[in-house]
Each structure stands twice: as structure tokens, then as C-alpha cells.
>>> print(open('final-v1.tsv').read())   # TSV, C-alpha atoms
chain	number	residue	atom	x	y	z
A	121	MET	CA	9.11	50.75	69.64
A	122	ALA	CA	6.15	49.86	71.90
A	123	VAL	CA	4.34	53.07	70.96
A	124	THR	CA	4.80	52.34	67.25
A	125	ALA	CA	3.56	48.78	67.70
A	126	ASN	CA	0.51	49.94	69.63
A	127	ARG	CA	-0.36	52.47	66.94
A	128	TRP	CA	-0.03	49.76	64.28
A	129	ILE	CA	-2.31	47.39	66.23
A	130	ALA	CA	-4.85	50.17	66.77
A	131	ALA	CA	-4.77	51.05	63.07
A	132	LYS	CA	-5.34	47.43	62.12
A	133	ARG	CA	-8.28	47.07	64.50
A	134	PHE	CA	-9.79	50.35	63.31
A	135	ALA	CA	-9.49	49.31	59.67
A	136	LYS	CA	-11.14	45.94	60.35
A	137	LEU	CA	-14.05	47.61	62.15
A	138	ALA	CA	-14.44	50.23	59.43
A	139	LEU	CA	-14.50	47.63	56.69
A	140	ALA	CA	-17.09	45.59	58.57
A	141	VAL	CA	-19.24	48.67	59.12
A	142	THR	CA	-19.30	49.55	55.42
A	143	ALA	CA	-19.64	46.03	54.07
A	144	SER	CA	-23.38	46.33	53.48
A	145	GLY	CA	-22.94	49.67	51.70
A	146	CYS	CA	-20.14	48.39	49.48
A	147	ALA	CA	-22.19	45.32	48.53
A	148	ALA	CA	-25.06	47.44	47.19
A	149	PRO	CA	-24.55	48.52	43.57
A	150	LEU	CA	-24.31	52.20	42.73
A	151	PRO	CA	-27.56	53.52	41.19
A	152	LEU	CA	-26.08	54.33	37.78
A	153	ARG	CA	-28.40	54.93	34.81
A	154	SER	CA	-28.24	56.63	31.43
A	155	ALA	CA	-31.15	58.14	29.52
A	156	ASP	CA	-31.41	58.43	25.77
A	157	CYS	CA	-31.92	61.71	23.95
A	158	GLY	CA	-35.65	61.19	23.58
A	159	THR	CA	-36.24	61.27	27.33
A	160	GLY	CA	-38.57	64.05	28.49
A	161	ALA	CA	-39.08	67.57	27.19
A	162	PRO	CA	-39.79	70.78	29.08
A	163	ILE	CA	-42.49	73.32	28.28
A	164	ILE	CA	-40.88	76.17	26.34
A	165	THR	CA	-42.74	79.44	26.03
A	166	ALA	CA	-42.16	82.75	24.29
A	167	ALA	CA	-41.50	85.82	26.40
A	168	PRO	CA	-43.94	88.77	26.06
A	169	ASP	CA	-41.52	90.60	23.76
A	170	GLY	CA	-41.55	87.66	21.35
A	171	ARG	CA	-37.77	87.66	21.05
A	172	MET	CA	-36.87	85.34	23.92
A	173	ALA	CA	-37.77	81.76	24.74
A	174	THR	CA	-37.97	80.53	28.33
A	175	THR	CA	-38.37	77.36	30.33
A	176	THR	CA	-37.95	76.36	33.96
A	177	LEU	CA	-35.62	73.94	35.71
A	178	SER	CA	-36.16	72.76	39.29
A	179	VAL	CA	-33.16	71.52	41.28
A	180	LEU	CA	-33.29	69.88	44.72
A	181	THR	CA	-30.21	69.49	46.91
A	182	TYR	CA	-30.72	66.96	49.68
A	183	ASN	CA	-28.44	65.38	52.26
A	184	ILE	CA	-30.33	62.14	52.93
A	185	GLU	CA	-28.36	61.09	56.04
A	186	GLY	CA	-27.47	57.78	54.46
A	187	LEU	CA	-24.79	56.79	56.95
A	188	SER	CA	-24.13	53.23	58.12
A	189	TRP	CA	-23.90	51.87	61.66
A	190	PRO	CA	-22.37	52.88	64.05
A	191	ALA	CA	-22.55	56.47	62.79
A	192	ARG	CA	-26.32	56.01	62.29
A	193	SER	CA	-28.73	53.15	62.86
A	194	GLY	CA	-32.33	52.53	61.91
A	195	ARG	CA	-32.18	54.75	58.83
A	196	ALA	CA	-33.50	52.20	56.31
A	197	PRO	CA	-37.25	53.01	56.72
A	198	SER	CA	-36.71	56.77	56.27
A	199	LEU	CA	-34.40	56.26	53.31
A	200	ARG	CA	-36.93	53.95	51.69
A	201	ALA	CA	-39.61	56.61	52.24
A	202	ILE	CA	-37.41	59.21	50.50
A	203	GLY	CA	-37.09	57.04	47.41
A	204	ASP	CA	-40.79	56.15	47.41
A	205	ARG	CA	-41.95	59.78	47.77
A	206	LEU	CA	-39.77	61.03	44.93
A	207	ALA	CA	-41.00	58.14	42.77
A	208	ARG	CA	-44.63	59.08	43.48
A	209	LEU	CA	-43.92	62.72	42.67
A	210	ARG	CA	-42.31	61.65	39.41
A	211	ALA	CA	-45.41	59.64	38.52
A	212	THR	CA	-47.57	62.76	38.88
A	213	GLY	CA	-45.09	65.11	37.18
A	214	GLU	CA	-44.38	67.02	40.41
A	215	ALA	CA	-40.84	65.85	41.17
A	216	PRO	CA	-37.80	68.11	40.84
A	217	ASP	CA	-36.15	67.93	37.42
A	218	ILE	CA	-32.76	67.29	39.02
A	219	VAL	CA	-31.76	66.07	42.49
A	220	LEU	CA	-28.32	66.50	44.06
A	221	PHE	CA	-27.86	63.86	46.77
A	222	GLN	CA	-25.27	63.78	49.55
A	223	GLU	CA	-24.44	61.08	52.13
A	224	MET	CA	-25.49	58.20	49.88
A	225	PHE	CA	-23.23	55.77	51.74
A	226	SER	CA	-25.23	52.80	53.01
A	227	GLY	CA	-26.86	50.11	50.94
A	228	ALA	CA	-30.27	51.46	51.98
A	229	ALA	CA	-29.26	54.94	50.76
A	230	LYS	CA	-28.13	53.61	47.37
A	231	ARG	CA	-31.36	51.65	46.99
A	232	ALA	CA	-33.38	54.76	47.89
A	233	VAL	CA	-31.71	56.82	45.15
A	234	ALA	CA	-32.30	54.02	42.63
A	235	ALA	CA	-35.96	53.75	43.72
A	236	THR	CA	-36.65	57.37	42.75
A	237	GLY	CA	-36.94	56.16	39.15
A	238	TYR	CA	-35.00	59.01	37.54
A	239	PRO	CA	-33.90	57.87	34.08
A	240	ALA	CA	-30.38	59.33	34.40
A	241	ILE	CA	-28.24	58.93	37.54
A	242	VAL	CA	-24.50	59.45	38.01
A	243	THR	CA	-22.37	59.26	41.13
A	244	GLY	CA	-19.35	61.12	42.45
A	245	PRO	CA	-15.87	59.91	43.35
A	246	ARG	CA	-15.74	56.28	44.45
A	247	ARG	CA	-13.69	54.86	47.28
A	248	THR	CA	-10.72	54.22	44.98
A	249	THR	CA	-10.92	57.39	42.86
A	250	ARG	CA	-7.52	59.04	42.99
A	251	ALA	CA	-7.09	62.68	43.94
A	252	ARG	CA	-5.14	64.68	41.36
A	253	ASP	CA	-3.61	68.17	41.36
A	254	VAL	CA	-3.84	68.49	45.15
A	255	THR	CA	-1.53	69.83	47.84
A	256	LYS	CA	0.90	67.59	49.70
A	257	LYS	CA	1.38	70.12	52.51
A	258	THR	CA	0.30	68.78	55.90
A	259	LEU	CA	-2.63	70.29	57.78
A	260	PRO	CA	-2.15	72.18	61.06
A	261	GLY	CA	-1.84	69.87	64.07
A	262	LYS	CA	-1.36	66.13	64.02
A	263	SER	CA	-3.41	63.37	62.45
A	264	HIS	CA	-5.05	60.93	64.85
A	265	ILE	CA	-6.14	57.39	64.18
A	266	LYS	CA	-9.01	57.54	66.68
A	267	ARG	CA	-10.79	60.15	64.61
A	268	GLY	CA	-10.41	58.27	61.35
A	269	GLU	CA	-7.28	59.88	59.90
A	270	ILE	CA	-5.81	56.53	58.92
A	271	GLY	CA	-4.73	57.26	55.35
A	272	LEU	CA	-7.37	55.15	53.61
A	273	HIS	CA	-10.98	55.52	52.50
A	274	ILE	CA	-13.69	53.07	53.48
A	275	ALA	CA	-16.43	54.77	51.44
A	276	GLY	CA	-16.86	56.83	48.31
A	277	SER	CA	-18.02	60.44	48.20
A	278	GLY	CA	-21.70	59.66	48.83
A	279	LEU	CA	-22.64	61.99	45.95
A	280	ALA	CA	-25.23	61.32	43.25
A	281	ILE	CA	-27.02	63.45	40.64
A	282	ALA	CA	-30.38	62.24	39.33
A	283	SER	CA	-31.96	63.87	36.27
A	284	ARG	CA	-35.12	63.58	34.20
A	285	TYR	CA	-33.03	64.72	31.22
A	286	PRO	CA	-30.06	62.97	29.57
A	287	ILE	CA	-26.64	63.39	31.16
A	288	VAL	CA	-24.21	63.75	28.27
A	289	GLN	CA	-20.92	64.14	30.15
A	290	VAL	CA	-19.60	63.31	33.62
A	291	ASP	CA	-16.45	64.47	35.38
A	292	MET	CA	-15.37	64.36	39.01
A	293	HIS	CA	-12.63	65.31	41.42
A	294	ALA	CA	-11.75	63.65	44.73
A	295	TYR	CA	-10.47	66.04	47.39
A	296	GLY	CA	-6.88	65.42	48.39
A	297	ARG	CA	-5.70	63.25	51.26
A	298	ARG	CA	-4.22	66.39	52.84
A	299	SER	CA	-7.50	68.25	52.31
A	300	CYS	CA	-9.64	66.40	54.84
A	301	ALA	CA	-9.78	66.36	58.62
A	302	GLY	CA	-11.15	63.87	61.13
A	303	ILE	CA	-13.90	61.35	60.48
A	304	ASP	CA	-14.56	62.96	57.09
A	305	CYS	CA	-11.31	61.39	55.84
A	306	LEU	CA	-12.94	57.95	55.88
A	307	ALA	CA	-15.06	59.01	52.88
A	308	ASN	CA	-13.51	59.98	49.56
A	309	LYS	CA	-15.29	63.33	49.46
A	310	GLY	CA	-15.17	65.47	46.35
A	311	ILE	CA	-17.20	67.16	43.63
A	312	VAL	CA	-19.00	65.75	40.58
A	313	LEU	CA	-20.13	67.39	37.33
A	314	ALA	CA	-23.13	66.22	35.29
A	315	ARG	CA	-23.56	68.01	31.96
A	316	ILE	CA	-27.26	67.80	31.19
A	317	ALA	CA	-28.95	68.24	27.80
A	318	ILE	CA	-32.44	69.72	28.08
A	319	PRO	CA	-34.41	69.19	24.86
A	320	GLY	CA	-35.12	72.47	23.07
A	321	VAL	CA	-32.55	74.52	25.03
A	322	PRO	CA	-29.63	75.76	22.87
A	323	THR	CA	-26.86	74.53	25.20
A	324	PRO	CA	-26.42	71.95	27.94
A	325	ILE	CA	-26.32	73.02	31.58
A	326	ASP	CA	-23.48	72.10	33.95
A	327	ILE	CA	-24.61	70.78	37.35
A	328	PHE	CA	-22.06	70.39	40.18
A	329	ASP	CA	-22.64	68.58	43.47
A	330	THR	CA	-20.37	68.48	46.54
A	331	HIS	CA	-20.19	67.65	50.25
A	332	MET	CA	-17.45	69.48	52.12
A	333	ASN	CA	-15.59	68.79	55.38
A	334	SER	CA	-17.72	69.10	58.52
A	335	ARG	CA	-16.82	71.02	61.67
A	336	GLY	CA	-17.61	69.47	65.07
A	337	ALA	CA	-18.86	66.24	63.51
A	338	SER	CA	-15.39	65.65	62.07
A	339	ARG	CA	-13.98	65.40	65.62
A	340	ALA	CA	-10.92	67.27	64.37
A	341	PRO	CA	-9.71	70.45	66.11
A	342	ALA	CA	-11.23	73.68	64.76
A	343	ARG	CA	-7.98	74.95	63.22
A	344	ARG	CA	-7.46	71.63	61.42
A	345	ASN	CA	-11.00	71.21	60.03
A	346	LEU	CA	-11.06	74.88	58.96
A	347	ALA	CA	-7.86	74.41	56.95
A	348	ALA	CA	-9.28	71.25	55.35
A	349	HIS	CA	-12.46	73.09	54.33
A	350	ASP	CA	-10.37	75.91	52.86
A	351	ARG	CA	-8.38	73.44	50.73
A	352	GLN	CA	-11.54	71.74	49.52
A	353	SER	CA	-13.01	75.14	48.59
A	354	LEU	CA	-9.93	75.87	46.48
A	355	GLU	CA	-9.99	72.43	44.84
A	356	ALA	CA	-13.71	72.72	44.04
A	357	SER	CA	-13.17	76.12	42.44
A	358	ALA	CA	-10.21	74.85	40.38
A	359	PHE	CA	-12.24	71.83	39.23
A	360	ILE	CA	-15.14	74.03	38.13
A	361	ASP	CA	-12.76	76.33	36.27
A	362	ARG	CA	-11.19	73.53	34.27
A	363	SER	CA	-14.32	71.42	33.62
A	364	HIS	CA	-17.00	74.06	32.99
A	365	ASP	CA	-17.70	75.48	29.54
A	366	ASP	CA	-18.46	79.21	29.82
A	367	ALA	CA	-21.03	78.88	27.05
A	368	TYR	CA	-23.25	76.85	29.39
A	369	PRO	CA	-25.26	77.90	32.45
A	370	LEU	CA	-23.97	76.48	35.73
A	371	ILE	CA	-25.54	75.37	39.03
A	372	PHE	CA	-23.37	74.39	42.00
A	373	GLY	CA	-25.17	72.83	44.97
A	374	GLY	CA	-24.67	70.54	47.92
A	375	ASP	CA	-23.85	70.43	51.61
A	376	PHE	CA	-21.16	73.08	52.07
A	377	ASN	CA	-20.87	72.81	55.87
A	378	MET	CA	-20.52	76.58	56.35
A	379	ARG	CA	-23.46	77.27	58.69
A	380	HIS	CA	-22.66	79.91	61.33
A	381	SER	CA	-19.00	80.03	60.28
A	382	GLU	CA	-17.81	83.41	59.07
A	383	SER	CA	-14.26	82.09	58.65
A	384	ARG	CA	-15.42	79.30	56.33
A	385	TRP	CA	-17.51	81.73	54.30
A	386	GLU	CA	-14.61	84.15	54.06
A	387	ASN	CA	-12.27	81.44	52.75
A	388	PHE	CA	-14.85	79.98	50.37
A	389	SER	CA	-15.69	83.41	48.92
A	390	ARG	CA	-12.05	84.03	48.05
A	391	TYR	CA	-12.29	81.30	45.43
A	392	GLN	CA	-15.91	81.54	44.25
A	393	SER	CA	-17.56	84.43	42.40
A	394	LEU	CA	-20.77	82.55	41.55
A	395	ASP	CA	-24.12	84.07	42.44
A	396	LEU	CA	-25.71	82.66	45.60
A	397	VAL	CA	-29.45	81.90	45.37
A	398	HIS	CA	-30.10	83.01	48.97
A	399	ARG	CA	-28.38	86.36	48.40
A	400	VAL	CA	-30.09	87.06	45.07
A	401	CYS	CA	-33.53	86.15	46.39
A	402	THR	CA	-33.24	88.36	49.48
A	403	ALA	CA	-32.72	91.48	47.34
A	404	PRO	CA	-35.74	93.83	47.59
A	405	ALA	CA	-36.28	93.94	43.82
A	406	ALA	CA	-35.69	90.24	43.24
A	407	ASP	CA	-38.15	88.45	40.99
A	408	CYS	CA	-38.02	85.43	43.31
A	409	ASP	CA	-40.81	83.76	45.26
A	410	VAL	CA	-39.29	82.85	48.65
A	411	ARG	CA	-41.35	80.19	50.44
A	412	LEU	CA	-38.92	79.71	53.31
A	413	SER	CA	-38.75	81.39	56.71
A	414	TRP	CA	-35.56	83.39	56.47
A	415	ASP	CA	-34.40	85.32	59.52
A	416	GLY	CA	-31.97	88.22	59.43
A	417	ASP	CA	-30.09	89.82	56.56
A	418	ALA	CA	-27.88	86.80	55.80
A	419	PRO	CA	-30.07	83.67	55.77
A	420	TRP	CA	-27.36	81.73	53.98
A	421	MET	CA	-25.43	81.67	57.27
A	422	ASP	CA	-28.17	79.55	58.86
A	423	THR	CA	-27.93	76.50	56.59
A	424	GLN	CA	-25.46	73.97	55.24
A	425	ASP	CA	-27.47	73.41	52.05
A	426	LEU	CA	-26.92	75.95	49.29
A	427	GLN	CA	-27.12	76.52	45.56
A	428	PHE	CA	-24.99	78.86	43.45
A	429	PHE	CA	-25.50	79.69	39.77
A	430	TRP	CA	-23.98	81.50	36.80
A	431	PRO	CA	-25.31	82.29	33.30
A	432	GLY	CA	-23.92	80.90	30.08
A	433	ASN	CA	-22.90	82.96	27.07
A	434	ARG	CA	-26.02	81.90	25.17
A	435	VAL	CA	-28.50	80.93	27.89
A	436	SER	CA	-29.23	83.02	30.99
A	437	ILE	CA	-30.38	81.61	34.34
A	438	HIS	CA	-32.20	83.19	37.28
A	439	PRO	CA	-33.86	81.72	40.39
A	440	ILE	CA	-37.60	82.43	40.52
A	441	ARG	CA	-38.72	80.29	43.47
A	442	VAL	CA	-37.08	78.86	46.61
A	443	GLU	CA	-38.75	76.37	48.94
A	444	SER	CA	-38.16	73.37	51.17
A	445	MET	CA	-38.87	69.70	50.65
A	446	PHE	CA	-38.97	66.97	53.29
A	447	ASP	CA	-39.26	69.59	56.04
A	448	GLY	CA	-42.18	68.07	57.92
A	449	GLY	CA	-44.77	70.33	56.30
A	450	ASP	CA	-46.85	70.11	53.14
A	451	SER	CA	-43.74	69.25	51.11
A	452	GLY	CA	-43.35	65.91	52.85
A	453	PRO	CA	-42.31	64.36	56.17
A	454	LYS	CA	-38.91	65.11	57.68
A	455	LEU	CA	-36.86	62.04	56.79
A	456	SER	CA	-33.29	63.27	57.32
A	457	ASP	CA	-31.35	65.58	59.62
A	458	HIS	CA	-31.41	68.03	56.67
A	459	ASP	CA	-34.33	69.58	54.83
A	460	GLY	CA	-34.20	69.54	51.06
A	461	LEU	CA	-33.56	72.88	49.33
A	462	LEU	CA	-35.58	73.19	46.12
A	463	VAL	CA	-34.82	76.03	43.70
A	464	THR	CA	-36.72	76.68	40.47
A	465	TYR	CA	-34.75	78.57	37.82
A	466	ARG	CA	-35.84	80.38	34.69
A	467	LEU	CA	-33.68	79.68	31.63
A	468	SER	CA	-33.90	82.25	28.82
A	469	TRP	CA	-32.37	82.57	25.36
A	470	PRO	CA	-33.02	84.31	22.01
A	471	ARG	CA	-35.65	82.44	20.03
A	472	ASP	CA	-33.47	82.40	16.93
A	473	GLN	CA	-30.89	80.22	18.70
A	474	PRO	CA	-30.90	76.67	17.27
A	475	ALA	CA	-31.83	73.85	19.63
A	476	GLN	CA	-28.97	71.59	20.72
A	477	GLY	CA	-28.39	68.03	19.72
A	478	CYS	CA	-27.91	65.41	22.40
>>> encode(input="final-v1.tsv", output="C-alpha cells")
Amino acid sequence: MAVTANRWIAAKRFAKLALAVTASGCAAPLPLRSADCGTGAPIITAAPDGRMATTTLSVLTYNIEGLSWPARSGRAPSLRAIGDRLARLRATGEAPDIVLFQEMFSGAAKRAVAATGYPAIVTGPRRTTRARDVTKKTLPGKSHIKRGEIGLHIAGSGLAIASRYPIVQVDMHAYGRRSCAGIDCLANKGIVLARIAIPGVPTPIDIFDTHMNSRGASRAPARRNLAAHDRQSLEASAFIDRSHDDAYPLIFGGDFNMRHSESRWENFSRYQSLDLVHRVCTAPAADCDVRLSWDGDAPWMDTQDLQFFWPGNRVSIHPIRVESMFDGGDSGPKLSDHDGLLVTYRLSWPRDQPAQGC
């Protein structure tokens, strides 16, 4: 009886502290915006053969380290600088077309995303978004209150997608309560879809953003956090299968938390058959300008931040340039514990295809 009482008291104290910690983040409004169909237009050119039309699409995935105290402190100036820099790049026409944000938890992080000035912004699962079609089987090992496995969320997913083009449809999935381990369980992690209409392109493009369960940072035992990551990989794949239209090109990016983990990659690859930008661009004959320092034959093992892609039935997609942003070099100061991964894609389609409506 005493043990049960002590656990209940500890849970109550932990919940009070967690709610106090996230109060500032919860008070800040989510940076939601919608753009009308007349917003922006890309440059569309004819291919040399005259039969195909092409345009480019640049996509940045960026974990902005937008955590609240006590997980992080003093992040407001750097987060403000992220928003200001992207806004300046937008003013000169040099900003990425689409940005996939992760760890947008604190009020300062939400304000930074809003300050970028993108005309269309959507967010991922919120704190109260319910998980559906998920497993009820327990994870290996035991849950522990001291590492945040308390059965409730104190934050949303921290995901946002910002676009210069209209977002015509949004869908999302929160990972299951039995599909998280450790501190990660305090956030309602998941995956979000933004279907984006690019003027002049025959079909929309489906953009997915996620942030998956961490390893050591979760404070959960390796066997437990590995199983959680495996379940999230399966849920993400199932969500993409049921929400994606095969007629449309697809990009799937985010913080996958698979760096230096062959077991996580093995599990993830069982569920995903999408093309990986890193793998395609390392091929000897790849028409891809790599502006990153990649070591070894598998550079995708050295990063958490990745992008996958797949062509649509009517519009093809291929990466043509890969580079960093916010890495401390010419692309901007290092303002997070992650660099931004910027990929430029070529979209191609037959010129006789009619342009889409919005």
C-alpha cells in the first residue's frame, strides 16, 4: 500500500512540474496559416526534347531545438534568429519553398516559426490528438515515472510544415501510447501530411513530416526504445499508405533518430520502400549536386535528418542538389543542435498534362 501511495504522490508531483514547465509553450498560439490559390508561382521550363515540362522544389527539414526549461534553457535568442533569417531569405526569394520543422515545443519556438512569414503553415498532432489504429501490446521492460512514462502528454508533436504554396489538405497521426519510450512519451509525437498545390504542376505533392523516438535521450533502456521506434516506423508507414494518393509525388522528411543504429535502420526498412535522397545522390551516375561532406559508403547512417521521396503516376521527382543550412558556414550560423538538410528536387511531367486547380 505504501509503495502504491508513494508512486501516486510521485506521479502527481511530476505532472505538476511538467505542466508548469510547458505553461509558456501552451500559452503561445500555434502558427497556423492558410494561403489562397493565387499565392506564388514557380518557374516552369520546357525540357530540351520539348515534350516535358519541369520545375524545382526546395525542401528544408530542420529540428530547431525548441525545447522548454528544464530540458533546454536560453534558447529564445537562437530561435528568434532562425525565424528572422528565414524571413530575410523569403524577402530576397532565397528561402526554401517548404520547411519541415521538428521540436517546435516552446512559446519561443512557435513564435519563430510564425516569424518566418510563410503564407501557409500547418502543425502536427496536438497534445490532445488521439492515437488511432495502434497496438495495445506493452513494450519490453517496465514503464517508469521518473523517465516520463506517466500515461499523459504535456506537449504536442512539435511538428510544423511551412509552405510558400497553398496547402489544400491536412491529415495527421499520433503515435500510440504503447509506441513511445521514456521522456519522448511526454510529447504526442506523430506524423503530419500537408498536400500542397504548386501552380502550373498537374497534381499536388504530398509532404510528410515526423519526429521519431530518440535513443539515449529518451532515458529508456535500449531494448525498450528500439521497440518503440519500430512501432512508430510501422505506424508511419501505415499512415502514408492510407493517406497518400499514388497519383501524386511524395516527400517524407524529419528527424528519424536512426543515426549509427543498424537495428533501427533494419526495422524501418522493413516497412518503407521509398527512395532515400542520401542513397540516390551517392550513386556514381547520379545527377545530383552534393554540397555536403559525406564520409564512407553510407552517409545516411551519420545523421538523424533525412528525406525520402517517391514519384507520382503523372509527375516524376528526383533530387538534384543536397546541402546544409544553419551549419555555421555560408548558409547561416549554427542555431540548433541539428543542421538543416536542404534538398532541391526536379519535378517533371508531359507538357500536354493540364495544370491543376487549387
>>> atom_distance(input="final-v1.tsv", atom1="CA of Arg411 in chain A", atom2="CA of Leu426 in chain A")
15.1 Å
>>> atom_distance(input="final-v1.tsv", atom1="CA of Thr323 in chain A", atom2="CA of Ile287 in chain A")
12.6 Å
>>> closest_residue(input="final-v1.tsv", among="A:Ile184, A:Val442, A:Ile437, A:Val290", to="Val321 in chain A", atoms="all atoms listed in the file")
A:Ile437
>>> closest_atom_pairs(input="final-v1.tsv", of="range 172-199 of chain A", to="range 362-377 of chain A", cutoff="10 Å", atoms="only C-alpha atoms", output="JSON lines")
{"residue": "A:Val179", "atom": "CA", "partner": "A:Ile371", "partner_atom": "CA", "distance": 8.8}
{"residue": "A:Leu180", "atom": "CA", "partner": "A:Gly373", "partner_atom": "CA", "distance": 8.6}
{"residue": "A:Thr181", "atom": "CA", "partner": "A:Gly374", "partner_atom": "CA", "distance": 5.7}
{"residue": "A:Tyr182", "atom": "CA", "partner": "A:Gly374", "partner_atom": "CA", "distance": 7.2}
{"residue": "A:Asn183", "atom": "CA", "partner": "A:Asp375", "partner_atom": "CA", "distance": 6.9}
>>> closest_residue(input="final-v1.tsv", among="A:Ile218, A:Ala406, A:Ile270, A:Met332", to="Asp350 in chain A", atoms="all atoms listed in the file")
A:Met332
